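Data block below; observations after.
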Amino acid sequence: MLSNFGNTLLFLNLLLGVLIIYFSVGEFQNSKITISKKIYQLCLFQITFVIISFLTLITAFIISDFSIITVYQNSHSLKPLLYKISGTWGNHEGSLLLWVIILTIFSFFFLIYSKNHQKNYRIISLIIQNILILGFLFFLIFNSNPFSIIAPTPKEGLGLNPILQDPALAIHPPLLYIGFVGSSIYFSAAMSSLITNYSGKLFAQSIKNWVLISWSFQTLGILAGSIWAYYELGWGGFWFWDPVENASLLPWFAMSALLHSIMVLEKRNQLYFWVIILCLLTFILSVTGTFLVRSGILNSVHTFANDPSRGLYILIFLSLMIFASVFLFFNKFKNSNYGFYSNSRETFILINNWFMIFYLITILLGTIYPIFTEVLTDYKVSVGPPFYNTVIIPIVVLFLFFMSIGPRIKWIKNKSYNLNLLFKILLASILINFLITYFFNSYSFLSNFIIISALFLIISSLLDLNKSFKKKEINSSRVTSHLAFGFLILFIGLNHNFSLEEDFNLKLGEKKKFDNYSIEFTDLKLKDFENYKAVIGKFQINNLKKNLNQFLYPEIRIYDNPKTITYEASIRSSFLKDYYITMSNVDRSDYYNIKFQKKPFMMWIWISAIFISLGGFLRLFHNAKKNY
Amino acid sequence: MRIIITLLILFNLSFVQSVAQAEKFSINPNKIFKNLRCLICQGQSVGDSNSEFAQTIKLVVKDQIKEGKSEKEIYEFLIEKYGEWIVYKPLFNKVNFLLWLFPYLVFVAGGTIIILFLKKSNNH
């Protein structure tokens, strides 16, 4: 029943998409300045239907309607309600429906909030966005239909992969999708801008808020994914440079570059074609990421069930998109005159873009290089964390210095540098770094530069913040994000260098001593839960220096549906550090393999990332207030 | 002012250098584990995995450290046995040189484009 209803809605949406394009083309004959009501109404129907179809799927998950294959494969009647709901987008078909919804929502709101802009530009944006919607809707209905039925109806579902049953992962896909599917709207707008010659400041104004929205959500989405990896995957890291993580980072770099250069377009009416490239690139990278993740050609921690036909469809769609945008771009490209002074804010924004593109290309290359070597030379290589750390980190140092100075430079032409102040900031950073290394009593050569440059950015942003408070400027979004970015790098640096990690085997009742710690394996219990059994260890961590006692309880869980074993870390978080323990059984012995980690400032890494994205939301709020 | 800073940097670095040298004598096995792929897992390093394969590799690495082998020798040993797929840091060789050089090429090219761009627009 639900299946028929959902399918009908999807087909209606297909029809609506075609109708919207049809009537939009008809609009060109219409000489009125405004878009006719009919189109608004169709779009309203479109968004309503797509949302209802999504709610239908959620309902199917909640009531455990196992006649639908997607529900059968990814849910179980005993699962907690939250994970029944999040199971909706925890699989290929459901998440693709979410993808279509976000395309539609952005299409609708762009239409409504672009009323001050030229009609032709809006209409063509709408047409292109609807072509995207139709493309993905076709794929959804004919290849990955979330409402497909299975007969006879199974009595029970197979269950959701237990490592996906987690609050951070429940919100991770929607956040991330608002980010990178949201970038579709400025892809469409950029194409339309090229076609209708609606360029310059007005174009920048029409898309800047959409860039902010997608960037802020993308940041949060990446954060949620990395928090999940930290406490669910059980290795204590929060970033592994896994191909799938990289896939979410690539559009983020393109968006960050766009976020900055669009200001140059808005304020100085320059860099139009560069902004267009970034708009097109962001969505192309988002689709590329989806292709890499879902076609299964990469070896990664993510396990979407793989199916080559999906990969092929996305690849064809992607190629068409790239071909169309490249073709249109070179058709319209004009060499225009530029009036840039090298000592100006504009130049520093270009420098930002330079670094962003460097990171982007490095990560893209590292992600796809193994595919090429395997196909071309039959030679399997792994490109992992050591590669990225070696290539990227030294460049980050330089980047942070530019990032500190950039905002102090004036638009158009900067008169004077306050070199004295910069030297003072550098001096302070070096002193603080010295104190840090002294205090932690541990060093690594490169980390000095990272920490000094991060401190440099933090101090100079703090001074900026102070200045804007004095001037009573309310708009501190840029400072918020830059300051938080400085803290993020600082805490990552500190965390990376001053983590303590021990890997050893223990038997019940044994004790292990190292550095200032002793760890005792005091108890082992077997417990039955609603949908899994757990072996729970009890460990007493003793900090010998401070004579502090703490207990941690790592688990080995055996899930029934589907049959899986997971290793649950036990984490004791505090403001200054996290203690992190995982245990796993060693085959054919009484010993358990214990991994103990002390990770300083973990919480601050999350907080910094939240503040980075908060900067984006603040700017959005500020823009909205200015307009009304 | 500048002199003070230069001195400070030098001091800071030499301090660090001496400690780094002291550390050279003991190899940290955890660092090696992190740089090895667990071949039977989905995108996990040996250090992060609980699998039997990872446990075995950990023992092998620890034994080799005891035998006094250097980090480089341990990697070479493992590559010979399992192929280059096992190390997360690709070797610099004729297959991988593009991977290592291209990012820097992009970096230099990007910088050059910006400089040329600024020169051109200053002339206007």
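To be explicit about the labels: the chains of the structure tokens are called A, B, and onward in the order shown, and within each one the residues are counted from 1, while ligands get numbers from 1 in the order they are shown.
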Check your understanding: Once you count only C-alpha atoms, which residues of chain A turn out to be within 6 Å of chain B? Could you give them as a VMD selection string?
Key -> chain A and resid 235 300 to 301 338 to 340 342 354 358 362 380 to 384 386 to 387
Those in region 167-306 of chain A with helix (DSSP H, G or I) from DSSP, as a PDB file with C-alpha atoms, in the first residue's frame:
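File produced: result.pdb:
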```pdb
ATOM      1  CA  PRO A 167      22.960   9.639  16.880  1.00  0.00           C
ATOM      2  CA  ALA A 168      25.853  11.422  15.150  1.00  0.00           C
ATOM      3  CA  LEU A 169      25.432   9.261  12.095  1.00  0.00           C
ATOM      4  CA  ALA A 170      21.676   9.718  12.147  1.00  0.00           C
ATOM      5  CA  ILE A 171      22.111  13.447  11.446  1.00  0.00           C
ATOM      6  CA  HIS A 172      25.281  13.154   9.359  1.00  0.00           C
ATOM      7  CA  PRO A 173      23.686  12.430   5.938  1.00  0.00           C
ATOM      8  CA  PRO A 174      21.005  15.159   6.052  1.00  0.00           C
ATOM      9  CA  LEU A 175      23.562  17.795   7.102  1.00  0.00           C
ATOM     10  CA  LEU A 176      26.061  16.726   4.502  1.00  0.00           C
ATOM     11  CA  TYR A 177      23.422  16.551   1.776  1.00  0.00           C
ATOM     12  CA  ILE A 178      22.153  20.052   2.478  1.00  0.00           C
ATOM     13  CA  GLY A 179      25.775  20.999   1.951  1.00  0.00           C
ATOM     14  CA  PHE A 180      26.743  19.303  -1.229  1.00  0.00           C
ATOM     15  CA  SER A 184      23.369  22.291  -7.138  1.00  0.00           C
ATOM     16  CA  ILE A 185      21.485  25.564  -6.992  1.00  0.00           C
ATOM     17  CA  TYR A 186      24.528  27.663  -7.750  1.00  0.00           C
ATOM     18  CA  PHE A 187      25.530  25.195 -10.429  1.00  0.00           C
ATOM     19  CA  SER A 188      22.187  25.892 -12.119  1.00  0.00           C
ATOM     20  CA  ALA A 189      22.443  29.613 -11.425  1.00  0.00           C
ATOM     21  CA  ALA A 190      25.966  29.758 -12.868  1.00  0.00           C
ATOM     22  CA  MET A 191      24.885  27.977 -16.047  1.00  0.00           C
ATOM     23  CA  SER A 192      21.939  30.310 -16.313  1.00  0.00           C
ATOM     24  CA  SER A 193      24.158  33.316 -15.694  1.00  0.00           C
ATOM     25  CA  LEU A 194      26.393  32.263 -18.596  1.00  0.00           C
ATOM     26  CA  ILE A 195      23.408  31.744 -20.883  1.00  0.00           C
ATOM     27  CA  THR A 196      21.585  34.985 -20.031  1.00  0.00           C
ATOM     28  CA  GLY A 200      28.660  40.625 -12.035  1.00  0.00           C
ATOM     29  CA  LYS A 201      27.446  41.988  -8.722  1.00  0.00           C
ATOM     30  CA  LEU A 202      23.828  40.994  -9.182  1.00  0.00           C
ATOM     31  CA  PHE A 203      24.727  37.406  -9.870  1.00  0.00           C
ATOM     32  CA  ALA A 204      26.938  37.373  -6.776  1.00  0.00           C
ATOM     33  CA  GLN A 205      24.104  38.746  -4.663  1.00  0.00           C
ATOM     34  CA  SER A 206      21.689  36.162  -5.945  1.00  0.00           C
ATOM     35  CA  ILE A 207      23.813  33.179  -4.916  1.00  0.00           C
ATOM     36  CA  LYS A 208      25.909  34.308  -1.949  1.00  0.00           C
ATOM     37  CA  ASN A 209      23.434  33.186   0.698  1.00  0.00           C
ATOM     38  CA  TRP A 210      23.093  29.800  -0.948  1.00  0.00           C
ATOM     39  CA  VAL A 211      26.848  29.384  -0.863  1.00  0.00           C
ATOM     40  CA  LEU A 212      26.805  30.278   2.836  1.00  0.00           C
ATOM     41  CA  ILE A 213      24.020  27.817   3.608  1.00  0.00           C
ATOM     42  CA  SER A 214      25.668  24.916   1.828  1.00  0.00           C
ATOM     43  CA  TRP A 215      29.111  25.694   3.244  1.00  0.00           C
ATOM     44  CA  SER A 216      27.855  25.940   6.839  1.00  0.00           C
ATOM     45  CA  PHE A 217      25.914  22.700   6.613  1.00  0.00           C
ATOM     46  CA  GLN A 218      28.715  20.905   4.818  1.00  0.00           C
ATOM     47  CA  THR A 219      31.036  21.878   7.680  1.00  0.00           C
ATOM     48  CA  LEU A 220      28.592  20.499  10.254  1.00  0.00           C
ATOM     49  CA  GLY A 221      28.019  17.348   8.210  1.00  0.00           C
ATOM     50  CA  ILE A 222      31.731  16.613   7.977  1.00  0.00           C
ATOM     51  CA  LEU A 223      31.992  17.242  11.725  1.00  0.00           C
ATOM     52  CA  ALA A 224      29.161  14.809  12.548  1.00  0.00           C
ATOM     53  CA  GLY A 225      30.822  12.162  10.399  1.00  0.00           C
ATOM     54  CA  SER A 226      34.113  12.623  12.110  1.00  0.00           C
ATOM     55  CA  ILE A 227      32.631  12.546  15.630  1.00  0.00           C
ATOM     56  CA  TRP A 228      30.961   9.291  14.648  1.00  0.00           C
ATOM     57  CA  ALA A 229      34.232   7.863  13.347  1.00  0.00           C
ATOM     58  CA  TYR A 230      35.899   8.868  16.612  1.00  0.00           C
ATOM     59  CA  TYR A 231      33.692   6.937  18.966  1.00  0.00           C
ATOM     60  CA  GLU A 232      32.188   4.303  16.750  1.00  0.00           C
ATOM     61  CA  PRO A 243      38.372   8.072   0.248  1.00  0.00           C
ATOM     62  CA  VAL A 244      34.846   8.711   1.492  1.00  0.00           C
ATOM     63  CA  GLU A 245      35.957  11.376   3.938  1.00  0.00           C
ATOM     64  CA  ASN A 246      37.945  12.932   1.130  1.00  0.00           C
ATOM     65  CA  ALA A 247      34.869  12.894  -1.078  1.00  0.00           C
ATOM     66  CA  SER A 248      33.086  15.123   1.432  1.00  0.00           C
ATOM     67  CA  LEU A 249      36.098  17.387   1.797  1.00  0.00           C
ATOM     68  CA  LEU A 250      36.584  18.095  -1.924  1.00  0.00           C
ATOM     69  CA  PRO A 251      33.386  20.125  -2.403  1.00  0.00           C
ATOM     70  CA  TRP A 252      34.088  21.803   0.933  1.00  0.00           C
ATOM     71  CA  PHE A 253      37.355  23.240  -0.391  1.00  0.00           C
ATOM     72  CA  ALA A 254      35.656  24.398  -3.586  1.00  0.00           C
ATOM     73  CA  MET A 255      32.891  26.026  -1.513  1.00  0.00           C
ATOM     74  CA  SER A 256      35.390  27.710   0.781  1.00  0.00           C
ATOM     75  CA  ALA A 257      37.191  29.153  -2.225  1.00  0.00           C
ATOM     76  CA  LEU A 258      33.862  30.308  -3.650  1.00  0.00           C
ATOM     77  CA  LEU A 259      32.756  31.776  -0.320  1.00  0.00           C
ATOM     78  CA  HIS A 260      35.745  34.103  -0.458  1.00  0.00           C
ATOM     79  CA  SER A 261      35.971  34.975  -4.130  1.00  0.00           C
ATOM     80  CA  ILE A 262      32.280  35.757  -4.382  1.00  0.00           C
ATOM     81  CA  MET A 263      32.956  38.736  -2.102  1.00  0.00           C
ATOM     82  CA  VAL A 264      35.347  40.088  -4.715  1.00  0.00           C
ATOM     83  CA  LEU A 265      32.636  39.715  -7.343  1.00  0.00           C
ATOM     84  CA  GLU A 266      30.061  41.410  -5.149  1.00  0.00           C
ATOM     85  CA  LYS A 267      32.203  44.278  -3.918  1.00  0.00           C
ATOM     86  CA  ARG A 268      34.507  44.902  -6.866  1.00  0.00           C
ATOM     87  CA  TYR A 272      33.319  36.720 -12.595  1.00  0.00           C
ATOM     88  CA  PHE A 273      34.570  33.794 -14.668  1.00  0.00           C
ATOM     89  CA  TRP A 274      36.580  32.382 -11.806  1.00  0.00           C
ATOM     90  CA  VAL A 275      33.499  32.464  -9.579  1.00  0.00           C
ATOM     91  CA  ILE A 276      31.560  30.665 -12.311  1.00  0.00           C
ATOM     92  CA  ILE A 277      34.232  27.959 -12.487  1.00  0.00           C
ATOM     93  CA  LEU A 278      34.011  27.445  -8.726  1.00  0.00           C
ATOM     94  CA  CYS A 279      30.199  27.284  -8.799  1.00  0.00           C
ATOM     95  CA  LEU A 280      30.268  24.621 -11.489  1.00  0.00           C
ATOM     96  CA  LEU A 281      33.167  22.785  -9.893  1.00  0.00           C
ATOM     97  CA  THR A 282      31.533  22.479  -6.462  1.00  0.00           C
ATOM     98  CA  PHE A 283      28.524  20.549  -7.659  1.00  0.00           C
ATOM     99  CA  ILE A 284      30.573  18.531 -10.146  1.00  0.00           C
ATOM    100  CA  LEU A 285      32.834  17.478  -7.262  1.00  0.00           C
ATOM    101  CA  SER A 286      29.790  16.600  -5.163  1.00  0.00           C
ATOM    102  CA  VAL A 287      28.503  14.289  -7.874  1.00  0.00           C
ATOM    103  CA  THR A 288      32.003  12.902  -8.416  1.00  0.00           C
ATOM    104  CA  GLY A 289      32.166  12.113  -4.704  1.00  0.00           C
ATOM    105  CA  THR A 290      28.840  10.329  -4.887  1.00  0.00           C
ATOM    106  CA  PHE A 291      30.050   8.380  -7.878  1.00  0.00           C
ATOM    107  CA  LEU A 292      33.250   7.305  -6.118  1.00  0.00           C
ATOM    108  CA  VAL A 293      31.388   6.293  -2.977  1.00  0.00           C
ATOM    109  CA  ARG A 294      28.480   4.423  -4.531  1.00  0.00           C
ATOM    110  CA  SER A 295      30.110   2.720  -7.471  1.00  0.00           C
TER     111      SER A 295
END
```
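Relative to CA of Leu620 (chain A), CA of Gly17 (chain A) is found at 29.6 Å.
Considering the residues B:Asp63, B:Phe92, B:Leu116, B:Tyr82 and counting only C-alpha atoms, Cys38 (chain B) has its shortest atom-to-atom contact with B:Tyr82.
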